[in-house]
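Novice: model05.txt is reproduced below (compact mmCIF, C-alpha atoms).
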```
# COMPACT_ATOMS: atom_id res chain seq x y z
CA MET A 1 93.67 -48.02 -27.89
CA ASP A 2 91.59 -51.09 -28.82
CA ARG A 3 87.86 -50.92 -29.41
CA SER A 4 86.01 -54.22 -29.83
CA ILE A 5 82.45 -54.25 -31.12
CA ARG A 6 80.17 -57.30 -31.38
CA VAL A 7 77.14 -56.97 -33.62
CA LYS A 8 74.64 -59.82 -33.47
CA SER A 9 71.76 -60.10 -35.94
CA LEU A 10 68.91 -61.00 -33.64
CA VAL A 11 65.22 -60.66 -34.23
CA TRP A 12 64.76 -58.20 -31.36
CA PHE A 13 61.03 -58.01 -31.78
CA PHE A 14 60.73 -61.78 -31.39
CA THR A 15 62.88 -61.77 -28.28
CA GLY A 16 61.26 -58.77 -26.58
CA ALA A 17 57.72 -59.81 -27.36
CA MET A 18 58.33 -63.39 -26.27
CA LEU A 19 59.92 -62.33 -22.99
CA ALA A 20 57.10 -59.89 -22.33
CA THR A 21 54.56 -62.63 -23.05
CA ALA A 22 56.35 -65.09 -20.80
CA VAL A 23 56.53 -62.60 -17.93
CA THR A 24 52.84 -61.73 -18.27
CA LEU A 25 51.74 -65.36 -18.40
CA MET A 26 53.87 -66.39 -15.42
CA PHE A 27 52.56 -63.45 -13.40
CA VAL A 28 48.89 -63.89 -14.20
CA ASN A 29 48.74 -67.67 -14.10
CA ALA A 30 51.62 -68.38 -11.68
CA TRP A 31 52.95 -71.16 -13.90
CA ARG A 32 56.21 -72.99 -13.37
CA ALA A 33 58.62 -72.46 -16.27
CA ASP A 34 58.47 -76.16 -17.14
CA ALA A 35 54.69 -76.44 -16.89
CA ALA A 36 52.61 -76.92 -20.05
CA PRO A 37 49.82 -74.34 -20.45
CA GLY A 38 47.22 -77.08 -20.94
CA ASP A 39 44.54 -77.82 -23.51
CA SER A 40 42.71 -74.49 -23.19
CA ASP A 41 45.70 -72.16 -22.63
CA ALA A 42 48.12 -71.13 -25.34
CA THR A 43 51.18 -68.91 -25.63
CA LEU A 44 51.56 -66.40 -28.48
CA VAL A 45 54.94 -66.67 -30.20
CA PRO A 46 55.58 -63.55 -32.35
CA ILE A 47 57.44 -64.16 -35.62
CA THR A 48 58.84 -62.01 -38.39
CA PRO A 49 55.77 -61.20 -40.52
CA CYS A 50 55.40 -63.52 -43.51
CA ARG A 51 52.92 -63.85 -46.38
CA LEU A 52 50.74 -66.96 -46.30
CA VAL A 53 48.26 -65.98 -49.05
CA ASP A 54 48.42 -63.48 -51.93
CA THR A 55 45.81 -64.07 -54.63
CA ARG A 56 47.59 -61.62 -56.98
CA GLU A 57 50.48 -64.06 -57.48
CA PRO A 58 50.66 -66.46 -60.47
CA GLY A 59 48.62 -69.61 -59.94
CA GLN A 60 46.44 -67.94 -57.28
CA ALA A 61 42.80 -66.89 -57.63
CA ALA A 62 40.49 -64.41 -55.96
CA LEU A 63 37.66 -65.67 -53.76
CA ASP A 64 34.41 -66.31 -55.67
CA ASP A 65 30.81 -65.75 -54.65
CA GLY A 66 29.98 -68.12 -51.76
CA GLU A 67 33.38 -69.82 -51.86
CA ILE A 68 34.95 -71.51 -48.82
CA ARG A 69 38.72 -71.70 -49.24
CA THR A 70 40.83 -73.90 -46.97
CA VAL A 71 44.29 -72.52 -46.15
CA GLU A 72 47.12 -74.76 -44.97
CA ALA A 73 49.20 -73.19 -42.19
CA HIS A 74 51.44 -75.93 -40.73
CA GLY A 75 54.78 -76.32 -42.55
CA THR A 76 56.22 -73.86 -45.09
CA ASN A 77 53.53 -72.26 -47.25
CA GLY A 78 52.93 -69.15 -49.32
CA PRO A 79 53.17 -68.12 -52.97
CA ILE A 80 56.17 -65.77 -52.67
CA ALA A 81 59.63 -67.33 -52.37
CA GLY A 82 61.56 -65.72 -49.53
CA SER A 83 58.40 -64.48 -47.80
CA GLN A 84 56.74 -67.83 -47.09
CA CYS A 85 55.50 -68.70 -43.60
CA THR A 86 57.00 -71.58 -41.64
CA ILE A 87 54.59 -72.59 -38.88
CA PRO A 88 55.44 -75.51 -36.54
CA ALA A 89 53.20 -78.57 -36.33
CA ASP A 90 52.26 -77.82 -32.70
CA ALA A 91 50.74 -74.42 -33.58
CA VAL A 92 47.08 -74.33 -32.50
CA GLY A 93 46.23 -70.84 -33.80
CA LEU A 94 47.45 -67.86 -35.82
CA SER A 95 47.67 -64.11 -35.31
CA MET A 96 47.21 -62.52 -38.74
CA ASN A 97 46.63 -59.35 -40.72
CA VAL A 98 44.00 -60.06 -43.41
CA THR A 99 43.43 -57.68 -46.33
CA ALA A 100 40.65 -57.65 -48.97
CA LEU A 101 41.44 -56.39 -52.48
CA ASN A 102 39.12 -55.09 -55.24
CA ALA A 103 35.78 -56.38 -53.97
CA THR A 104 33.15 -56.33 -56.74
CA VAL A 105 30.22 -56.02 -54.29
CA ARG A 106 29.74 -55.50 -50.59
CA THR A 107 30.42 -58.78 -48.80
CA PHE A 108 31.76 -60.32 -45.61
CA TRP A 109 34.35 -62.96 -44.75
CA THR A 110 34.23 -65.54 -42.00
CA ILE A 111 37.47 -67.23 -40.86
CA TRP A 112 37.42 -70.34 -38.65
CA PRO A 113 39.22 -73.69 -38.09
CA ASP A 114 38.69 -76.29 -40.78
CA GLY A 115 36.45 -79.18 -39.66
CA GLU A 116 34.40 -77.07 -37.23
CA PRO A 117 30.93 -75.53 -37.83
CA GLN A 118 31.02 -72.21 -39.62
CA PRO A 119 30.31 -69.37 -37.15
CA GLU A 120 27.77 -66.63 -37.86
CA ALA A 121 30.13 -63.74 -37.07
CA SER A 122 32.14 -61.94 -39.79
CA SER A 123 35.91 -61.51 -39.68
CA LEU A 124 36.15 -58.86 -42.41
CA ASN A 125 33.63 -56.72 -44.33
CA PRO A 126 35.01 -55.81 -47.79
CA ALA A 127 33.28 -53.25 -50.00
CA PRO A 128 33.86 -51.93 -53.56
CA GLY A 129 36.32 -49.02 -53.74
CA GLN A 130 37.73 -49.81 -50.32
CA PRO A 131 41.50 -49.20 -50.02
CA PRO A 132 43.65 -52.21 -49.07
CA THR A 133 43.41 -52.00 -45.28
CA PRO A 134 44.59 -54.91 -43.10
CA ASN A 135 42.36 -56.18 -40.31
CA ALA A 136 43.76 -58.08 -37.34
CA VAL A 137 42.27 -61.59 -37.19
CA THR A 138 43.01 -64.45 -34.79
CA THR A 139 41.92 -67.97 -35.64
CA SER A 140 42.36 -71.43 -34.20
CA LEU A 141 43.65 -74.21 -36.44
CA SER A 142 42.39 -77.70 -37.11
CA GLY A 143 44.47 -80.65 -35.91
CA ALA A 144 45.99 -80.76 -39.39
CA GLY A 145 46.86 -77.07 -39.20
CA ASP A 146 44.20 -75.65 -41.56
CA PHE A 147 41.62 -72.86 -41.44
CA ASN A 148 38.79 -71.75 -43.74
CA VAL A 149 37.89 -68.42 -45.34
CA PHE A 150 34.29 -67.90 -46.50
CA ASN A 151 33.36 -65.09 -48.92
CA ASN A 152 29.64 -64.28 -48.96
CA ASN A 153 29.22 -62.27 -52.18
CA GLY A 154 30.98 -61.30 -55.41
CA THR A 155 34.67 -61.69 -56.17
CA VAL A 156 37.46 -60.34 -53.97
CA GLY A 157 41.23 -60.75 -53.71
CA MET A 158 42.91 -61.73 -50.47
CA LEU A 159 46.20 -61.16 -48.62
CA ILE A 160 47.05 -62.96 -45.38
CA ASP A 161 50.17 -62.02 -43.41
CA VAL A 162 51.03 -64.00 -40.28
CA ASN A 163 52.77 -62.21 -37.39
CA GLY A 164 52.59 -64.94 -34.74
CA TYR A 165 51.31 -68.37 -33.80
CA TYR A 166 49.81 -69.89 -30.66
CA THR A 167 51.15 -73.05 -29.09
CA ASN A 168 50.41 -75.20 -26.05
CA ALA A 169 54.15 -75.85 -25.60
CA SER A 170 55.66 -75.06 -22.20
CA LEU A 171 57.64 -71.89 -21.60
CA THR A 172 60.81 -73.95 -21.25
CA GLU A 173 60.27 -75.49 -24.67
CA LEU A 174 59.71 -72.04 -26.17
CA ALA A 175 62.93 -70.76 -24.58
CA SER A 176 64.80 -73.69 -26.13
CA ARG A 177 63.36 -72.84 -29.53
CA LEU A 178 64.46 -69.22 -29.16
CA ALA A 179 67.99 -70.28 -28.19
CA ALA A 180 68.19 -72.64 -31.18
CA ALA A 181 66.96 -69.92 -33.54
CA GLU A 182 69.45 -67.43 -32.11
CA ALA A 183 72.33 -69.88 -32.66
CA ARG A 184 71.46 -69.96 -36.37
CA GLU A 185 71.76 -66.18 -36.76
CA PRO A 186 74.83 -64.70 -38.51
CA PHE A 187 76.84 -62.16 -36.54
CA ALA A 188 79.94 -60.02 -36.90
CA VAL A 189 82.87 -59.24 -34.61
CA THR A 190 84.91 -56.10 -35.35
CA ASN A 191 88.16 -54.99 -33.76
CA THR A 192 89.68 -51.61 -34.59
CA THR A 193 93.11 -50.58 -33.31
CA THR A 194 94.87 -47.22 -33.67
CA GLY A 195 98.34 -45.97 -32.86
CA ASN A 196 101.75 -46.47 -34.46
CA LEU A 197 103.35 -49.93 -34.47
CA SER A 198 106.82 -50.58 -35.87
CA LEU A 199 107.19 -53.60 -38.14
CA THR A 200 110.15 -55.91 -38.59
CA GLU A 201 111.04 -58.71 -41.01
CA THR A 202 109.19 -61.17 -38.76
CA PRO A 203 105.41 -61.41 -39.36
CA THR A 204 103.56 -59.81 -36.44
CA ALA A 205 99.83 -59.70 -35.60
CA ILE A 206 98.71 -56.07 -35.74
CA VAL A 207 94.98 -56.59 -35.07
CA SER A 208 92.96 -59.65 -33.99
CA ALA A 209 89.34 -60.73 -33.48
CA ASP A 210 87.90 -63.68 -31.53
CA VAL A 211 84.89 -65.63 -32.81
CA THR A 212 82.92 -68.20 -30.79
CA ALA A 213 80.75 -70.32 -33.09
CA PRO A 214 77.49 -71.66 -31.55
CA VAL A 215 77.10 -74.01 -34.54
CA ALA A 216 79.35 -75.11 -37.39
CA GLY A 217 79.82 -72.58 -40.16
CA GLN A 218 82.26 -70.24 -41.87
CA VAL A 219 84.05 -67.05 -40.81
CA THR A 220 84.85 -64.46 -43.46
CA LEU A 221 87.57 -61.98 -42.45
CA ASN A 222 87.83 -58.50 -43.97
CA SER A 223 90.86 -56.37 -43.06
CA THR A 224 91.99 -52.79 -43.71
CA ALA A 225 95.07 -50.91 -42.52
CA SER A 226 96.68 -47.55 -43.16
CA VAL A 227 100.49 -47.69 -43.40
CA PHE A 228 103.44 -45.30 -43.48
CA HIS A 229 107.11 -45.68 -44.33
CA SER A 230 109.73 -43.08 -43.55
CA ALA A 231 111.80 -43.69 -46.69
CA ASP A 232 111.29 -44.44 -50.39
CA GLY A 233 111.38 -48.08 -51.46
CA GLY A 234 109.78 -49.57 -48.36
CA GLU A 235 107.59 -52.65 -48.78
CA ILE A 236 104.93 -53.95 -46.39
CA VAL A 237 103.31 -57.38 -46.72
CA CYS A 238 100.23 -58.50 -44.74
CA ALA A 239 97.91 -61.54 -44.67
CA ILE A 240 95.07 -62.94 -42.55
CA PHE A 241 95.54 -66.08 -40.42
CA GLU A 242 93.75 -68.07 -37.75
CA SER A 243 95.29 -68.62 -34.32
CA GLY A 244 98.61 -70.44 -34.45
CA GLY A 245 98.80 -70.18 -38.21
CA ILE A 246 101.11 -67.17 -38.64
CA PRO A 247 104.25 -68.43 -40.45
CA PRO A 248 107.80 -67.41 -39.46
CA VAL A 249 108.18 -65.69 -42.84
CA PHE A 250 105.86 -64.74 -45.69
CA ILE A 251 106.35 -66.07 -49.21
CA PRO A 252 105.26 -63.14 -51.40
CA PHE A 253 102.29 -63.85 -53.68
CA GLU A 254 102.00 -67.42 -52.37
CA THR A 255 100.63 -66.57 -48.94
CA PRO A 256 96.78 -66.72 -48.89
CA SER A 257 95.09 -63.27 -48.80
CA PHE A 258 98.51 -61.75 -49.64
CA GLN A 259 98.48 -57.93 -49.37
CA ASN A 260 101.37 -55.81 -50.59
CA TRP A 261 102.22 -52.10 -50.56
CA GLU A 262 105.38 -50.31 -51.64
CA THR A 263 106.35 -46.70 -51.03
CA SER A 264 107.35 -44.46 -53.88
CA LEU A 265 108.92 -41.09 -54.48
CA SER A 266 105.44 -39.55 -54.64
CA SER A 267 104.01 -40.99 -51.45
CA ASN A 268 105.14 -42.76 -48.31
CA GLU A 269 101.57 -43.37 -47.12
CA GLY A 270 99.12 -46.00 -48.35
CA SER A 271 96.55 -48.58 -47.38
CA LEU A 272 96.10 -52.35 -47.43
CA SER A 273 92.96 -54.48 -47.55
CA GLY A 274 92.14 -58.15 -47.91
CA THR A 275 89.67 -60.95 -47.23
CA ARG A 276 89.87 -64.64 -46.34
CA THR A 277 87.33 -67.32 -45.32
CA PHE A 278 87.79 -70.18 -42.84
CA ASP A 279 85.60 -73.09 -41.74
CA ILE A 280 84.84 -73.19 -38.01
CA ALA A 281 83.49 -76.04 -35.86
CA ALA A 282 80.54 -75.76 -33.48
CA ASN A 283 81.18 -74.57 -29.93
CA THR A 284 84.73 -73.43 -30.62
CA THR A 285 86.53 -70.10 -30.19
CA VAL A 286 89.13 -69.08 -32.76
CA THR A 287 91.37 -66.00 -32.82
CA TYR A 288 91.93 -64.50 -36.27
CA SER A 289 94.71 -61.99 -36.95
CA LEU A 290 95.97 -59.63 -39.61
CA ALA A 291 99.75 -60.16 -39.59
CA CYS A 292 102.29 -57.93 -41.34
CA GLU A 293 106.04 -57.67 -41.96
CA GLU A 294 108.37 -55.39 -43.93
CA PHE A 295 111.00 -56.29 -46.52
CA ASP A 296 113.60 -53.57 -45.93
CA ASP A 297 115.65 -51.92 -43.21
CA GLY A 298 112.87 -50.66 -40.94
CA GLY A 299 110.65 -47.62 -40.63
CA SER A 300 107.35 -49.21 -41.66
CA THR A 301 104.44 -48.24 -39.42
CA PRO A 302 100.81 -49.44 -39.59
CA ARG A 303 98.52 -46.88 -38.04
CA SER A 304 94.79 -47.52 -37.92
CA ARG A 305 93.88 -51.19 -38.60
CA ASN A 306 90.59 -52.98 -38.68
CA LEU A 307 89.55 -56.65 -38.76
CA THR A 308 85.93 -57.72 -39.17
CA ALA A 309 84.97 -61.38 -38.77
CA ILE A 310 81.55 -62.38 -40.16
CA PHE A 311 80.15 -65.70 -38.93
CA THR A 312 77.66 -67.53 -41.17
CA PRO A 313 76.05 -70.82 -40.00
CA ALA A 314 76.39 -73.84 -42.27
CA PRO A 315 73.20 -74.64 -44.26
```
With the file now loaded, output its structure as structure tokens.

Specialist:
Amino acid sequence: MDRSIRVKSLVWFFTGAMLATAVTLMFVNAWRADAAPGDSDATLVPITPCRLVDTREPGQAALDDGEIRTVEAHGTNGPIAGSQCTIPADAVGLSMNVTALNATVRTFWTIWPDGEPQPEASSLNPAPGQPPTPNAVTTSLSGAGDFNVFNNNGTVGMLIDVNGYYTNASLTELASRLAAAEAREPFAVTNTTTGNLSLTETPTAIVSADVTAPVAGQVTLNSTASVFHSADGGEIVCAIFESGGIPPVFIPFETPSFQNWETSLSSNEGSLSGTRTFDIAANTTVTYSLACEEFDDGGSTPRSRNLTAIFTPAP
């Protein structure tokens, strides 16, 4: 019996939240899918949380007494490699968690778009001895994609994590962005087959997996198989191939991803495993197979066999 499993690495939170947002906006405002929200309406696009500011990192500094610090949001920014935020140029606002660290005196912060008058309201109220507790803050951005943070008193460290951005783009444009982001996600296809299968001296596919590549990239194949031979001295040879590439005969130790197992007086059961990587073009479907043959008079039987194909987009 064959069991095929497709595992796709999607950012489910992004997808679910975006769909929920789209449904809510279309219901409340009765927009067409291709209509732009307009100058005063914006759509929240949730993203994987990222760190935009961390004053504990090298080269960073805590906020001083009365300081106004301008933070750049558009583009890729942040002091921690691998956790930086990438915010598109059409973002008009941010949804953030802002945390104050080690305040020396009681103070307050005000956060607002750069280039606009500073508001009177506070966005955060740090105090000495306060544990690091994030506070949800939403701010608009300047046309250049910046916002300001004002600290009223003392010295205090700052963390800013972004969990979403606002845009005036249409819902259709946002759907296109989601589809493009999804196409860049790695995924895996696994096929597991059980049951006895007699081998001959002609290479035969014993398990296969199909991969459809949305963009150009590479497919790495990992195979395993349990094997049995009814007599001593049996030899089984396997290798991984793409569709149409299985040769009429294997050349031992010259075939790529060559896998070999021989029976012995002590055991007629064993296992095989191997790996091989192929390039794959965009928008193509390729069948990959683990093919095996035996080099004796019969009686070789692969039992359970597994082939996992891992797709990785090209950089």

Novice: Compile the contact shell of A:Asn153 as a tab-separated table (two decimals) with C-alpha atoms, in the coordinates of the input: residues with an atom at most 10 Å away, counting only C-alpha atoms, same-chain residues fewer than 4 positions apart removed.

Specialist:
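around10.tsv was written with the following content:
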```
chain	number	residue	atom	x	y	z
A	63	LEU	CA	37.66	-65.67	-53.76
A	64	ASP	CA	34.41	-66.31	-55.67
A	65	ASP	CA	30.81	-65.75	-54.65
A	66	GLY	CA	29.98	-68.12	-51.76
A	67	GLU	CA	33.38	-69.82	-51.86
A	103	ALA	CA	35.78	-56.38	-53.97
A	104	THR	CA	33.15	-56.33	-56.74
A	105	VAL	CA	30.22	-56.02	-54.29
A	106	ARG	CA	29.74	-55.50	-50.59
A	107	THR	CA	30.42	-58.78	-48.80
A	108	PHE	CA	31.76	-60.32	-45.61
A	109	TRP	CA	34.35	-62.96	-44.75
A	126	PRO	CA	35.01	-55.81	-47.79
```

Novice: So that I can check the surroundings of stretch 42-46 of chain A, please list as a list in words every protein, DNA and RNA residue that reaches within 6 Å of it, counting only C-alpha atoms and ignoring chain neighbours fewer than 4 positions away.

Specialist: Phe14, Asn163, Gly164, Tyr165, Tyr166, Thr167 and Asn168 of chain A

Novice: Residues at most 9 Å from A:Ala61, counting all atoms listed in the file, excluding those fewer than 5 positions away in the same chain, as a list in words?

Specialist: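 Answer for this query is Asp54, Thr55, Arg56, Gly157 and Met158 of chain A.
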
Novice: At a cut-off of 8 Å, using all atoms listed in the file, what residues contact A:Glu294? Leave out same-chain residues fewer than 3 positions from it and give the result as a VMD selection string.

Specialist: chain A and resid 199 to 202 234 to 237 298 300

Novice: Suppose you want the space between atom CA of A:Leu272 and atom CA of A:Val207; what is it in Å?

Specialist: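 Computing it gives 13.1 Å between the two atoms.
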
Novice: Using atom CA of A:Ala180 and atom CA of A:Leu307 as the two end points, give the distance in Å to one decimal.

Specialist: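 Separating atom CA of A:Ala180 from atom CA of A:Leu307 is a distance of 27.7 Å.
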
Novice: Please compute the atom CA of A:Pro134-atom CA of A:Met96 distance, one decimal, in Å.

Specialist: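 According to the coordinates, atom CA of A:Pro134 and atom CA of A:Met96 are separated by 9.2 Å.
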
Novice: Go through A:Pro113, A:Pro132, A:Pro302, A:Pro247 one by one, measure the shortest atom-to-atom distance of each to A:Ser226 using all atoms listed in the file, and give the residue with the smallest value.

Specialist: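 The shortest atom-to-atom distance to A:Ser226 comes from A:Pro302.
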
Novice: Identify, on the basis of all atoms listed in the file, every residue whose closest approach to A:Val92 does not exceed 12 Å; exclude the query and any residue fewer than 2 positions from it along the same chain; express the result as a PyMOL selection string.

Specialist: chain A and resi 38-45+73-74+87-90+94-95+113-114+138-147+164-169

Novice: Keeping C-alpha atoms for every residue in the selection just given, could you write it to a file as a short mmCIF file (atom, residue, chain, number, x, y, z; two decimals), in the frame of the given file?

Specialist:
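After the write, result-v6.cif holds the following:
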```
data_model
loop_
_atom_site.label_atom_id
_atom_site.label_comp_id
_atom_site.auth_asym_id
_atom_site.auth_seq_id
_atom_site.Cartn_x
_atom_site.Cartn_y
_atom_site.Cartn_z
CA GLY A 38 47.22 -77.08 -20.94
CA ASP A 39 44.54 -77.82 -23.51
CA SER A 40 42.71 -74.49 -23.19
CA ASP A 41 45.70 -72.16 -22.63
CA ALA A 42 48.12 -71.13 -25.34
CA THR A 43 51.18 -68.91 -25.63
CA LEU A 44 51.56 -66.40 -28.48
CA VAL A 45 54.94 -66.67 -30.20
CA ALA A 73 49.20 -73.19 -42.19
CA HIS A 74 51.44 -75.93 -40.73
CA ILE A 87 54.59 -72.59 -38.88
CA PRO A 88 55.44 -75.51 -36.54
CA ALA A 89 53.20 -78.57 -36.33
CA ASP A 90 52.26 -77.82 -32.70
CA LEU A 94 47.45 -67.86 -35.82
CA SER A 95 47.67 -64.11 -35.31
CA PRO A 113 39.22 -73.69 -38.09
CA ASP A 114 38.69 -76.29 -40.78
CA THR A 138 43.01 -64.45 -34.79
CA THR A 139 41.92 -67.97 -35.64
CA SER A 140 42.36 -71.43 -34.20
CA LEU A 141 43.65 -74.21 -36.44
CA SER A 142 42.39 -77.70 -37.11
CA GLY A 143 44.47 -80.65 -35.91
CA ALA A 144 45.99 -80.76 -39.39
CA GLY A 145 46.86 -77.07 -39.20
CA ASP A 146 44.20 -75.65 -41.56
CA PHE A 147 41.62 -72.86 -41.44
CA GLY A 164 52.59 -64.94 -34.74
CA TYR A 165 51.31 -68.37 -33.80
CA TYR A 166 49.81 -69.89 -30.66
CA THR A 167 51.15 -73.05 -29.09
CA ASN A 168 50.41 -75.20 -26.05
CA ALA A 169 54.15 -75.85 -25.60
#
```

Novice: Can stretch 66-83 of chain A be brought up to N, CA and C atoms and written out as an mmCIF file, in the frame of the given file?

Specialist:
```cif
data_model
loop_
_atom_site.group_PDB
_atom_site.id
_atom_site.type_symbol
_atom_site.label_atom_id
_atom_site.label_comp_id
_atom_site.auth_asym_id
_atom_site.auth_seq_id
_atom_site.Cartn_x
_atom_site.Cartn_y
_atom_site.Cartn_z
ATOM 1 N N GLY A 66 30.357 -66.971 -52.577
ATOM 2 C CA GLY A 66 29.980 -68.120 -51.760
ATOM 3 C C GLY A 66 31.084 -69.147 -51.557
ATOM 4 N N GLU A 67 32.289 -68.841 -51.959
ATOM 5 C CA GLU A 67 33.380 -69.820 -51.860
ATOM 6 C C GLU A 67 33.883 -69.974 -50.417
ATOM 7 N N ILE A 68 34.218 -71.210 -50.053
ATOM 8 C CA ILE A 68 34.950 -71.510 -48.820
ATOM 9 C C ILE A 68 36.319 -72.029 -49.233
ATOM 10 N N ARG A 69 37.368 -71.278 -48.879
ATOM 11 C CA ARG A 69 38.720 -71.700 -49.240
ATOM 12 C C ARG A 69 39.468 -72.171 -47.996
ATOM 13 N N THR A 70 40.060 -73.344 -48.084
ATOM 14 C CA THR A 70 40.830 -73.900 -46.970
ATOM 15 C C THR A 70 42.299 -73.531 -47.171
ATOM 16 N N VAL A 71 42.904 -72.975 -46.116
ATOM 17 C CA VAL A 71 44.290 -72.520 -46.150
ATOM 18 C C VAL A 71 45.127 -73.395 -45.228
ATOM 19 N N GLU A 72 46.214 -73.922 -45.761
ATOM 20 C CA GLU A 72 47.120 -74.760 -44.970
ATOM 21 C C GLU A 72 48.143 -73.864 -44.276
ATOM 22 N N ALA A 73 48.280 -74.035 -42.953
ATOM 23 C CA ALA A 73 49.200 -73.190 -42.190
ATOM 24 C C ALA A 73 50.444 -73.940 -41.735
ATOM 25 N N HIS A 74 50.290 -75.174 -41.214
ATOM 26 C CA HIS A 74 51.440 -75.930 -40.730
ATOM 27 C C HIS A 74 52.449 -76.168 -41.863
ATOM 28 N N GLY A 75 53.743 -76.109 -41.539
ATOM 29 C CA GLY A 75 54.780 -76.320 -42.550
ATOM 30 C C GLY A 75 55.176 -74.989 -43.174
ATOM 31 N N THR A 76 55.786 -75.058 -44.354
ATOM 32 C CA THR A 76 56.220 -73.860 -45.090
ATOM 33 C C THR A 76 55.284 -73.650 -46.262
ATOM 34 N N ASN A 77 54.551 -72.531 -46.239
ATOM 35 C CA ASN A 77 53.530 -72.260 -47.250
ATOM 36 C C ASN A 77 53.528 -70.791 -47.623
ATOM 37 N N GLY A 78 53.030 -70.519 -48.820
ATOM 38 C CA GLY A 78 52.930 -69.150 -49.320
ATOM 39 C C GLY A 78 53.417 -69.078 -50.746
ATOM 40 N N PRO A 79 52.857 -68.160 -51.542
ATOM 41 C CA PRO A 79 53.170 -68.120 -52.970
ATOM 42 C C PRO A 79 54.429 -67.343 -53.325
ATOM 43 N N ILE A 80 55.034 -66.626 -52.355
ATOM 44 C CA ILE A 80 56.170 -65.770 -52.670
ATOM 45 C C ILE A 80 57.429 -66.342 -52.045
ATOM 46 N N ALA A 81 58.368 -66.783 -52.874
ATOM 47 C CA ALA A 81 59.630 -67.330 -52.370
ATOM 48 C C ALA A 81 60.362 -66.263 -51.566
ATOM 49 N N GLY A 82 60.868 -66.654 -50.397
ATOM 50 C CA GLY A 82 61.560 -65.720 -49.530
ATOM 51 C C GLY A 82 60.669 -65.039 -48.517
ATOM 52 N N SER A 83 59.354 -65.088 -48.737
ATOM 53 C CA SER A 83 58.400 -64.480 -47.800
ATOM 54 C C SER A 83 57.390 -65.497 -47.287
#
```
